Amino acid sequence: MAMHKISVTINGAVRAAEVESRLLLVHLIREVFRMTGTHVGCDTSHCGACTVVMDGDPVKSCTVLAVQADGAKITTVEGLEQGGKLHPVQEGFTEKHGLQCGFCTPGMLMTTSALLERNKNPSEQEIRQAISGNLCRCTGYVNIVKAVQYAAEKMR
Amino acid sequence: MIPAAFDYHRPDSLDEALKLLALHGDEAKVLSGGMSLLPMLKLRLASFAHLVDIGRIPGLDYIKEEKGTLRIGAMTRQATLERSDLIRTQYPILADAVPLIADPLVRNRGTVGGNLANGDPGNDQPAIMLALGATFVARGPKGERTIPANQFYKGLYSTALAPNEILTEVRIPVPPPKSGGAYAKLKRKTGDFAVAAAAVQLILNAKGAIERAGIGLTNAGLTPVEAVDAAKYLAGKTPDEKTIAEAAKMAAAKSSPSADRRGSVEYKREMARVMVTRALRKAVQRAEGK
C-alpha cells in the first residue's frame, strides 16, 4: 500500500508526516504528533469528542483521513491558548462549570470557538444547535451553554 | 476502528478521476465528503482497494440559477447549502431539510453529491429531488449524460451510476410563481436517520387548485419512494384538509419500511402518512404566500 507524504499546519506549526492511506486524522494527531488533547469517543462519527477545526470548520477527526487533511490548517484544543492566556471559551468553561468528567470538553471547545468566529452574538438556540453534534454524557449542557455565552460576551 | 487497507488517490481533474475509475473498475469508490463512506469502511461494512477523492477537483462546488434551472455542484457541502441565501429564500424544501441532516459537524464535510449518489434510502435529499423533479448529471468515459431522479435509484445502495461514472451536478427546475415546497422529518435525535420523512413540491393554478405535485418519501423502503399515485390524485384538486388527508393516505400506502429500532412497519407507515400531511399543508401555505 502506498504511503503519502503530507504536510499540515497544526496550531500554527507546519508538520510533515508519511502516512498510510487509511490513517485517520485523529490518529495522526494523537499517535503521530503525540497531541492527546483531541479525544476518541464513539469512533463512529456521532459524539464529537474528536472535533478539531479544519480550515475554519469544526469537523469530526475520526471521520477524516489524515491524507485528506494534507495542506489544511488544523486547530486542536492545544492551540486555543495563546501566549499563556486561555481562550475565552476555555475561560468560560472554567468560570461557568462547563465540564464535569471533561471527556467531551476538547470537542465542545473546538466547536464553540469556531461558532464564535462566525457568529459573535449567538442566541441560546444557535449555541444549542451548534453543539448538537457534540454529546456530553454528563448531560452538562446548561452550563456549557452558559460558558459559551460568557465567552461570547468576553469576545465582543 | 481502522478501515481495511486501500490506496488513496487525489486527482486534480475530473478526467484524471475518470481514468482512475476506468482503471480500477469495481475495486474503486469515489470519496466525496466521506460522511457515509468512511464510517462504512471503518465498520468494515464495505471495503474498496482504491478510493478516488474528488474533494480537490475544482469547479464542483457551486449553487447557481441559470436559464430556469438551479444547478448544484456535487461537491457542494451541506453547510454551504445551509448558508445559501438563494436556498433559504427560494427553495424552502431544501432549507427545511438541510438543518435536519446528520449534525452541524457532519454537514461541514458531507456533500450534496454524496447524499444523492450513495443510494442510502435513509438520506434526505433523494426524496427531495424526486419531489422537485430533478435531473442528475453523470460524467463517464464517453462524456456526460443526464438521469432523471426517478430513474436513478435501483436498490439499496444501488443506483444508475456505472462504476466508471461520477455524479457531477443536480439540476432542479426553478419553481414557477405560486409554487410551494416543504420537507417534514421525524427523527428520534440529532444525527439519526428519519423514522419517516416526506418531501412535497407543488404548484397552484390561478383558481388555487393544485396544478401539479411531487411527493418523495425517505426511509420508506429499499430506495427513496416517489408517491406517484398520490401526486396524480392531487392534480386539479383544491388542497383542502380532506384532499390532503386522502393524498397522505395514498402516499403512505406506497411505503414499505422495515422494522428496526426506530419502530415497527405499522408505526413507520403511519408516521409517513403524518409527515406527508404536514409537508403538504406547509407546501400549500407557502404556495399561497402565507
# chains A, B, ... in the order shown; residues from 1 in each chain; ligands from 1

$ interface_residues --of "chain A" --to "chain B" --cutoff "7 Å" --atoms "only C-alpha atoms" --output "VMD selection string"
chain A and resid 1 to 2 21 to 22 43 to 44 46 57 to 60 63 130 132 to 133

$ write_last_selection --atoms "N, CA and C atoms" --output "tab-separated table (two decimals), in the first residue's frame"
chain	number	residue	atom	x	y	z
A	1	MET	N	0.84	-1.20	0.00
A	1	MET	CA	0.00	0.00	0.00
A	1	MET	C	0.87	1.25	0.00
A	2	ALA	N	0.46	2.16	-0.83
A	2	ALA	CA	1.27	3.38	-0.99
A	2	ALA	C	1.25	4.24	0.26
A	21	SER	N	-2.69	5.35	3.60
A	21	SER	CA	-3.97	5.92	3.12
A	21	SER	C	-5.05	5.89	4.20
A	22	ARG	N	-5.09	4.80	4.95
A	22	ARG	CA	-6.23	4.61	5.86
A	22	ARG	C	-6.05	5.27	7.22
A	43	ASP	N	-15.96	6.97	18.09
A	43	ASP	CA	-15.25	6.46	16.90
A	43	ASP	C	-16.21	6.11	15.76
A	44	THR	N	-17.44	6.62	15.82
A	44	THR	CA	-18.40	6.33	14.74
A	44	THR	C	-19.07	7.60	14.23
A	46	HIS	N	-20.43	10.08	15.75
A	46	HIS	CA	-21.62	10.56	16.45
A	46	HIS	C	-21.31	11.59	17.55
A	57	ASP	N	-13.58	25.22	9.80
A	57	ASP	CA	-14.81	24.49	10.14
A	57	ASP	C	-14.54	23.37	11.14
A	58	PRO	N	-15.38	23.27	12.17
A	58	PRO	CA	-15.23	22.12	13.07
A	58	PRO	C	-15.64	20.83	12.37
A	59	VAL	N	-14.81	19.83	12.46
A	59	VAL	CA	-15.09	18.53	11.82
A	59	VAL	C	-14.72	17.40	12.78
A	60	LYS	N	-15.30	16.23	12.53
A	60	LYS	CA	-15.03	15.07	13.36
A	60	LYS	C	-13.79	14.35	12.82
A	63	THR	N	-13.46	10.86	11.35
A	63	THR	CA	-14.12	10.55	10.08
A	63	THR	C	-13.53	11.40	8.95
A	130	ALA	N	-25.50	24.55	17.42
A	130	ALA	CA	-24.09	24.39	17.03
A	130	ALA	C	-23.45	23.18	17.72
A	132	SER	N	-25.00	20.52	18.67
A	132	SER	CA	-25.87	19.33	18.60
A	132	SER	C	-25.14	18.09	18.07
A	133	GLY	N	-23.95	18.28	17.50
A	133	GLY	CA	-23.15	17.12	17.10
A	133	GLY	C	-22.08	16.78	18.12

$ select_by_dssp --residues "region 15-157 of chain B" --states "alpha helix (DSSP H)" --output "PyMOL selection string"
chain B and resi 15-24+37-42+78-83+85-90+92-97+104-107+112-117+125-132

$ write_last_selection --atoms "C-alpha atoms" --output "mmCIF file, in the first residue's frame"
data_model
loop_
_atom_site.group_PDB
_atom_site.id
_atom_site.type_symbol
_atom_site.label_atom_id
_atom_site.label_comp_id
_atom_site.auth_asym_id
_atom_site.auth_seq_id
_atom_site.Cartn_x
_atom_site.Cartn_y
_atom_site.Cartn_z
ATOM 1 C CA ASP B 15 -10.737 13.460 -16.453
ATOM 2 C CA GLU B 16 -7.998 12.144 -14.208
ATOM 3 C CA ALA B 17 -10.610 10.837 -11.750
ATOM 4 C CA LEU B 18 -12.483 9.087 -14.552
ATOM 5 C CA LYS B 19 -9.252 7.461 -15.732
ATOM 6 C CA LEU B 20 -8.644 6.095 -12.239
ATOM 7 C CA LEU B 21 -12.193 4.721 -12.092
ATOM 8 C CA ALA B 22 -11.800 3.140 -15.530
ATOM 9 C CA LEU B 23 -8.529 1.575 -14.459
ATOM 10 C CA HIS B 24 -9.745 0.123 -11.164
ATOM 11 C CA LEU B 37 -18.314 6.088 3.159
ATOM 12 C CA LEU B 38 -15.688 6.443 5.888
ATOM 13 C CA PRO B 39 -17.918 5.131 8.705
ATOM 14 C CA MET B 40 -18.854 2.180 6.476
ATOM 15 C CA LEU B 41 -15.194 1.449 5.791
ATOM 16 C CA LYS B 42 -14.329 1.791 9.480
ATOM 17 C CA GLN B 78 -24.331 20.698 3.162
ATOM 18 C CA ALA B 79 -23.098 23.621 5.294
ATOM 19 C CA THR B 80 -22.742 25.733 2.135
ATOM 20 C CA LEU B 81 -26.305 24.897 1.152
ATOM 21 C CA GLU B 82 -27.443 25.770 4.667
ATOM 22 C CA ARG B 83 -25.841 29.227 4.448
ATOM 23 C CA ASP B 85 -29.438 32.956 0.703
ATOM 24 C CA LEU B 86 -30.788 31.601 -2.591
ATOM 25 C CA ILE B 87 -31.697 28.279 -0.959
ATOM 26 C CA ARG B 88 -33.120 29.927 2.138
ATOM 27 C CA THR B 89 -35.356 32.300 0.235
ATOM 28 C CA GLN B 90 -36.292 30.332 -2.906
ATOM 29 C CA PRO B 92 -37.816 26.097 1.314
ATOM 30 C CA ILE B 93 -37.993 22.340 0.689
ATOM 31 C CA LEU B 94 -34.173 22.259 0.898
ATOM 32 C CA ALA B 95 -33.995 24.898 3.608
ATOM 33 C CA ASP B 96 -36.319 22.721 5.750
ATOM 34 C CA ALA B 97 -34.254 19.598 5.197
ATOM 35 C CA PRO B 104 -23.558 20.537 12.043
ATOM 36 C CA LEU B 105 -20.088 18.955 12.134
ATOM 37 C CA VAL B 106 -21.069 16.291 9.627
ATOM 38 C CA ARG B 107 -22.689 18.951 7.427
ATOM 39 C CA VAL B 112 -24.979 17.040 -1.865
ATOM 40 C CA GLY B 113 -23.436 14.673 -4.411
ATOM 41 C CA GLY B 114 -22.567 12.146 -1.743
ATOM 42 C CA ASN B 115 -26.021 12.325 -0.196
ATOM 43 C CA LEU B 116 -27.587 11.643 -3.611
ATOM 44 C CA ALA B 117 -25.140 9.127 -5.074
ATOM 45 C CA GLN B 125 -32.006 14.656 -0.413
ATOM 46 C CA PRO B 126 -33.016 11.836 -2.794
ATOM 47 C CA ALA B 127 -36.701 12.138 -1.816
ATOM 48 C CA ILE B 128 -36.453 15.909 -2.213
ATOM 49 C CA MET B 129 -35.045 15.533 -5.716
ATOM 50 C CA LEU B 130 -37.924 13.178 -6.568
ATOM 51 C CA ALA B 131 -40.429 15.789 -5.379
ATOM 52 C CA LEU B 132 -38.645 18.553 -7.292
#

$ atom_distance --atom1 "CA of Ile210 (chain B)" --atom2 "CA of Ala235 (chain B)"
5.4 Å

$ residues_around --residues "Leu80 (chain A)" --least-positions-apart "3" --cutoff "10 Å" --atoms "only C-alpha atoms" --output "list of chain:residue names"
A:Asn11, A:Thr75, A:Thr76, A:Val77, A:Gly83, A:Gly84, A:Lys85, A:Leu86, A:His87, A:Pro88, A:Val89, A:Gln90, A:Pro106, A:Leu109, A:Met110, A:Ser113

$ atom_distance --atom1 "CA of Ala66 (chain A)" --atom2 "CA of Tyr157 (chain B)"
26.3 Å

$ atom_distance --atom1 "CA of Lys185 (chain B)" --atom2 "CA of Ile215 (chain B)"
13.4 Å

$ residues_around --residues "Asn219 (chain B)" --least-positions-apart "5" --cutoff "7 Å" --atoms "only C-alpha atoms" --output "PyMOL selection string"
chain B and resi 121-122+194+196+224+257

$ closest_residue --among "B:Thr243, B:Thr223, B:Gln201, B:Ser255" --to "Ser179 (chain B)" --atoms "only C-alpha atoms"
B:Gln201

$ residues_around --residues "Glu144 (chain B)" --least-positions-apart "2" --cutoff "10 Å" --atoms "only C-alpha atoms" --output "list in words"
Val137, Ala138, Arg139, Gly140, Pro141, Lys142, Thr146, Glu165, Ile166, Leu167 and Thr168 of chain B
